[in-house]
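Trainee: Starting off with a structure, shown below.
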Amino acid sequence: MEKKNILYIVVPCYNEEEVLNETTKQLEKKMNNLVEKEIISNQSRVMYVNDGSKDKTWELIEKISKEHEYFTGISLSRNRGHQNALLAGLMTAKEYADIVISMDADLQDDINAIDEMLEKYHNGCDIVYGVRSSRKKDSWFKKTTAQGFYKFMKLMGVDIVYNHADYRLTSKRVLEHFSDYKEVNLFLRGMFPLIGYQSDIVYYERKERVAGTSKYPLKKMLNFAWDGITSFSVRPIRFILILGVLIFIISCAITLYCIIVKLLGNAVTGWTFLACSIWMLAGVQMLSLGIIGEYVGKMYNETKARPRYIVSRNLLEEEK
Ligand code: UDP
Ligand code: MG
């Protein structure tokens, strides 16, 4: 099967007027280079997604798309956050592109990894994950919290690529399947591994922001992490159930103990009744919560209505 090669690079931008010119300069060089080498078609584009910026970002994007051949843009009606902006860009780009790469506007992700990503794509990969080999330039705090988060996600049973953010190559067919994932609490880096197909990893060094400041303050980071955990794992609910079972077992032991103390005649009047009630009620309650939680967890998975399977090849279709 011959692979076509219109590449779209999707770049979400929120108040990024300070970096856009530099980003454009560097990406333009990269695009020219790739087109010259005939690795990508000359219909390829960089698509900026303006995520309801409050500064001159959109005016700048309009200007850039007029003056530079390989640049275009879309604008959201208001700020919807990084993940939604990225999704909007991916879903728009897939209509025009054969290959889509997503990356941040601040050039923290080394754009030279694009060559290697495309090479892997041409060797048969449908998804190529950009993975940070080192985080020397990140603050201690960002590094520790981010890496701790990836480890915690693994512990929660979520299939996530360690140290991979949203720098990623995806083929058109992956994005087409992706549009069947209807959930609204987006955690894109956890969703792509669900799709399957052949994938690979490209390592790069994470750099410092070219200009401007981070658009991910602590509050947004925490929200994002919380979304990641609760959108992908029902293990927190299972913990309640396990805790309930444990407390129930302990309460049975305590009841036995109280009865023995009572029979030995060492109990104050009413103590046996009170002690047993407290433990038994708490145990039964926690157990019930856990069981209800199990059903809530099932409902939560049902409401997400994720596709149950993806057919990667169909010989009947290929024969035609
Ligand atoms: N971003 C966005 N909408 C937002 C916040 C951020 O589109 O509400 C974009 C931002 O312009 C950048 C990317 O998401 O291209 C990542 O943000 P940033 O580099 O500030 O995050 P950090 O690298 O500090 O985690
Ligand atoms: Mg950044």
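Here's how to read the names in the structure tokens: chain A, B, ... by the order shown, residue numbers from 1 in each chain, ligand numbers from 1 in the order shown.
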All residues within 10 Å of ligand 1 are required, counting only C-alpha atoms and all ligand atoms; please report them as a PyMOL selection string.
Mentor: chain A and resi 10-17+19-20+48-53+57+76+78-86+102-109+138+142+146+165-166+206-218+220-221
Trainee: As JSON, numbers by chain, which residues of range 40-188 of chain A does DSSP assign to strand (DSSP E or B)?
Mentor: {"A": [45, 46, 47, 48, 49, 50, 71, 72, 73, 74, 75, 99, 100, 101, 102, 127, 128, 129, 130, 131, 132, 133, 134, 164, 165, 166, 167, 168, 169, 170, 171]}
Trainee: Excluding range 232-246 of chain A and its own-chain neighbours fewer than 4 positions away, which residues fall within 9 Å of it when counting only C-alpha atoms? Please give them as a PDB file with N, CA and C atoms, in the first residue's frame.
Mentor:
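Printed below is out01.pdb as written:
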```
ATOM      1  N   MET A 153      -0.027   6.776  37.494  1.00  0.00           N
ATOM      2  CA  MET A 153      -0.964   6.300  36.467  1.00  0.00           C
ATOM      3  C   MET A 153      -0.737   4.820  36.183  1.00  0.00           C
ATOM      4  N   MET A 156      -2.235   2.784  38.784  1.00  0.00           N
ATOM      5  CA  MET A 156      -3.694   2.744  38.659  1.00  0.00           C
ATOM      6  C   MET A 156      -4.123   1.871  37.480  1.00  0.00           C
ATOM      7  N   GLY A 157      -3.151   1.258  36.832  1.00  0.00           N
ATOM      8  CA  GLY A 157      -3.493   0.334  35.749  1.00  0.00           C
ATOM      9  C   GLY A 157      -3.787   1.008  34.417  1.00  0.00           C
ATOM     10  N   VAL A 158      -3.344   2.259  34.259  1.00  0.00           N
ATOM     11  CA  VAL A 158      -3.585   2.950  32.993  1.00  0.00           C
ATOM     12  C   VAL A 158      -2.395   2.727  32.066  1.00  0.00           C
ATOM     13  N   ASP A 159      -2.711   2.351  30.826  1.00  0.00           N
ATOM     14  CA  ASP A 159      -1.680   2.103  29.835  1.00  0.00           C
ATOM     15  C   ASP A 159      -1.238   3.441  29.252  1.00  0.00           C
ATOM     16  N   PHE A 187      -8.163  13.213  27.919  1.00  0.00           N
ATOM     17  CA  PHE A 187      -6.798  12.973  28.379  1.00  0.00           C
ATOM     18  C   PHE A 187      -6.131  12.249  27.219  1.00  0.00           C
ATOM     19  N   GLY A 190      -3.559   9.375  27.065  1.00  0.00           N
ATOM     20  CA  GLY A 190      -3.979   8.060  27.545  1.00  0.00           C
ATOM     21  C   GLY A 190      -4.885   7.361  26.545  1.00  0.00           C
ATOM     22  N   MET A 191      -5.481   8.135  25.636  1.00  0.00           N
ATOM     23  CA  MET A 191      -6.467   7.569  24.720  1.00  0.00           C
ATOM     24  C   MET A 191      -5.826   6.920  23.493  1.00  0.00           C
ATOM     25  N   ASP A 227      -8.124  14.518  35.994  1.00  0.00           N
ATOM     26  CA  ASP A 227      -8.878  14.033  34.846  1.00  0.00           C
ATOM     27  C   ASP A 227      -8.279  12.739  34.322  1.00  0.00           C
ATOM     28  N   GLY A 228      -6.948  12.726  34.255  1.00  0.00           N
ATOM     29  CA  GLY A 228      -6.263  11.550  33.739  1.00  0.00           C
ATOM     30  C   GLY A 228      -6.583  10.317  34.561  1.00  0.00           C
ATOM     31  N   ILE A 250     -12.657  -7.054  60.106  1.00  0.00           N
ATOM     32  CA  ILE A 250     -12.208  -6.599  61.422  1.00  0.00           C
ATOM     33  C   ILE A 250     -13.389  -6.504  62.383  1.00  0.00           C
ATOM     34  N   SER A 251     -14.528  -5.996  61.875  1.00  0.00           N
ATOM     35  CA  SER A 251     -15.680  -5.812  62.755  1.00  0.00           C
ATOM     36  C   SER A 251     -16.195  -7.154  63.278  1.00  0.00           C
ATOM     37  N   ALA A 282     -20.231   0.498  60.546  1.00  0.00           N
ATOM     38  CA  ALA A 282     -19.229   1.112  59.671  1.00  0.00           C
ATOM     39  C   ALA A 282     -18.797   0.118  58.598  1.00  0.00           C
ATOM     40  N   GLY A 283     -18.594  -1.123  59.007  1.00  0.00           N
ATOM     41  CA  GLY A 283     -18.158  -2.138  58.045  1.00  0.00           C
ATOM     42  C   GLY A 283     -19.182  -2.372  56.961  1.00  0.00           C
ATOM     43  N   VAL A 284     -20.449  -2.512  57.391  1.00  0.00           N
ATOM     44  CA  VAL A 284     -21.507  -2.770  56.409  1.00  0.00           C
ATOM     45  C   VAL A 284     -21.657  -1.586  55.468  1.00  0.00           C
ATOM     46  N   GLN A 285     -21.544  -0.372  56.054  1.00  0.00           N
ATOM     47  CA  GLN A 285     -21.695   0.824  55.211  1.00  0.00           C
ATOM     48  C   GLN A 285     -20.603   0.921  54.158  1.00  0.00           C
ATOM     49  N   MET A 286     -19.377   0.723  54.601  1.00  0.00           N
ATOM     50  CA  MET A 286     -18.255   0.830  53.673  1.00  0.00           C
ATOM     51  C   MET A 286     -18.368  -0.226  52.572  1.00  0.00           C
ATOM     52  N   LEU A 287     -18.784  -1.416  52.978  1.00  0.00           N
ATOM     53  CA  LEU A 287     -18.955  -2.507  52.010  1.00  0.00           C
ATOM     54  C   LEU A 287     -20.029  -2.137  50.980  1.00  0.00           C
ATOM     55  N   SER A 288     -21.138  -1.584  51.478  1.00  0.00           N
ATOM     56  CA  SER A 288     -22.229  -1.219  50.572  1.00  0.00           C
ATOM     57  C   SER A 288     -21.776  -0.133  49.607  1.00  0.00           C
ATOM     58  N   LEU A 289     -21.044   0.858  50.145  1.00  0.00           N
ATOM     59  CA  LEU A 289     -20.535   1.933  49.286  1.00  0.00           C
ATOM     60  C   LEU A 289     -19.692   1.361  48.161  1.00  0.00           C
ATOM     61  N   GLY A 290     -18.857   0.410  48.542  1.00  0.00           N
ATOM     62  CA  GLY A 290     -17.977  -0.206  47.545  1.00  0.00           C
ATOM     63  C   GLY A 290     -18.774  -0.917  46.472  1.00  0.00           C
ATOM     64  N   ILE A 291     -19.829  -1.616  46.886  1.00  0.00           N
ATOM     65  CA  ILE A 291     -20.631  -2.350  45.906  1.00  0.00           C
ATOM     66  C   ILE A 291     -21.369  -1.371  44.991  1.00  0.00           C
ATOM     67  N   GLY A 293     -20.364   1.538  44.346  1.00  0.00           N
ATOM     68  CA  GLY A 293     -19.290   2.098  43.519  1.00  0.00           C
ATOM     69  C   GLY A 293     -18.981   1.242  42.306  1.00  0.00           C
ATOM     70  N   GLU A 294     -19.006  -0.061  42.498  1.00  0.00           N
ATOM     71  CA  GLU A 294     -18.737  -0.959  41.374  1.00  0.00           C
ATOM     72  C   GLU A 294     -19.723  -0.716  40.232  1.00  0.00           C
ATOM     73  N   VAL A 296     -21.474   2.083  39.790  1.00  0.00           N
ATOM     74  CA  VAL A 296     -21.207   3.430  39.250  1.00  0.00           C
ATOM     75  C   VAL A 296     -20.055   3.341  38.251  1.00  0.00           C
ATOM     76  N   GLY A 297     -19.046   2.571  38.610  1.00  0.00           N
ATOM     77  CA  GLY A 297     -17.889   2.403  37.730  1.00  0.00           C
ATOM     78  C   GLY A 297     -18.291   1.799  36.396  1.00  0.00           C
ATOM     79  N   LYS A 298     -19.191   0.823  36.453  1.00  0.00           N
ATOM     80  CA  LYS A 298     -19.642   0.197  35.212  1.00  0.00           C
ATOM     81  C   LYS A 298     -20.399   1.203  34.355  1.00  0.00           C
ATOM     82  N   TYR A 300     -20.134   4.364  34.389  1.00  0.00           N
ATOM     83  CA  TYR A 300     -19.193   5.365  33.894  1.00  0.00           C
ATOM     84  C   TYR A 300     -18.474   4.858  32.640  1.00  0.00           C
ATOM     85  N   ASN A 301     -18.140   3.608  32.644  1.00  0.00           N
ATOM     86  CA  ASN A 301     -17.520   3.060  31.435  1.00  0.00           C
ATOM     87  C   ASN A 301     -18.511   2.961  30.277  1.00  0.00           C
TER      88      ASN A 301
END
```
Trainee: Determine, counting only C-alpha atoms, which protein, DNA and RNA residues have an atom within 12 Å of an atom of range 97-101 of chain A; residues of the same chain fewer than 6 positions away are not included. Present the result as a PyMOL selection string.
Mentor: chain A and resi 2-12+39-48+86-87+89-91+109+111+113-115+117-122+125-130+166-176
Trainee: Which residues, written as an NGL selection string, have at least one atom at most 12 Å from range 254-263 of chain A, with only C-alpha atoms counted and residues fewer than 4 positions away on the same chain left out?
Mentor: :A and (247-250 or 267-281 or 283)
Trainee: Write out as a ChimeraX atom specification the residues lying within 9 Å of Thr24 in chain A, counting only C-alpha atoms and excluding same-chain residues fewer than 6 positions away.
Mentor: /A:46,64,68,71
Trainee: Just the selected residues (N, CA, C and O atoms), exported as an mmCIF file, in the first residue's frame, please.
Mentor:
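This went into out.cif:
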```cif
data_model
loop_
_atom_site.group_PDB
_atom_site.id
_atom_site.type_symbol
_atom_site.label_atom_id
_atom_site.label_comp_id
_atom_site.auth_asym_id
_atom_site.auth_seq_id
_atom_site.Cartn_x
_atom_site.Cartn_y
_atom_site.Cartn_z
ATOM 1 N N VAL A 46 1.354 23.791 8.529
ATOM 2 C CA VAL A 46 1.369 23.921 9.988
ATOM 3 C C VAL A 46 0.045 24.581 10.344
ATOM 4 O O VAL A 46 -0.291 25.624 9.794
ATOM 5 N N ILE A 64 0.434 35.492 9.631
ATOM 6 C CA ILE A 64 1.404 34.460 9.238
ATOM 7 C C ILE A 64 0.857 33.612 8.094
ATOM 8 O O ILE A 64 1.561 33.305 7.142
ATOM 9 N N HIS A 68 3.040 33.392 4.784
ATOM 10 C CA HIS A 68 3.890 32.202 4.664
ATOM 11 C C HIS A 68 3.111 31.063 4.036
ATOM 12 O O HIS A 68 1.982 30.773 4.433
ATOM 13 N N PHE A 71 1.581 27.824 6.134
ATOM 14 C CA PHE A 71 0.937 28.057 7.422
ATOM 15 C C PHE A 71 -0.539 28.378 7.288
ATOM 16 O O PHE A 71 -0.968 29.046 6.350
#
```
Trainee: For a quick check of understanding, using only C-alpha atoms, which of A:Ser139, A:Gln26, A:Lys37, A:Gly196 has the smallest distance to Arg308 in chain A?
Mentor: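 Among the listed residues, the smallest separation from Arg308 in chain A belongs to A:Gly196.
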Trainee: Using DSSP on the backbone coordinates, identify the residues of range 48-291 of chain A assigned to helix (DSSP H, G or I); present them as a ChimeraX atom specification.
Mentor: /A:57-67,82-93,113-122,140-155,172-178,188-195,218-232,235-264,271-291
Trainee: Figure out the distance between CA of Met299 in chain A and CA of Ser231 in chain A, please, to one decimal in Å.
Mentor: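 Separation between CA of Ser231 in chain A and CA of Met299 in chain A: 12.6 Å.
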Trainee: If you measure from CA of Lys304 in chain A to CA of Lys154 in chain A, what distance in Å do you get, rounded to one decimal?
Mentor: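 Result for CA of Lys304 in chain A versus CA of Lys154 in chain A: 21.0 Å, one decimal.
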Trainee: Figure out the distance between CA of Tyr295 in chain A and CA of Asn185 in chain A, please, to one decimal in Å.
Mentor: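 CA of Tyr295 in chain A lies at a distance of 19.9 Å from CA of Asn185 in chain A.
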Trainee: Which one is closest to ligand 2: A:Lys137, A:Lys320, A:Lys56, A:Lys182? Count only C-alpha atoms and all ligand atoms.
Mentor: A:Lys137
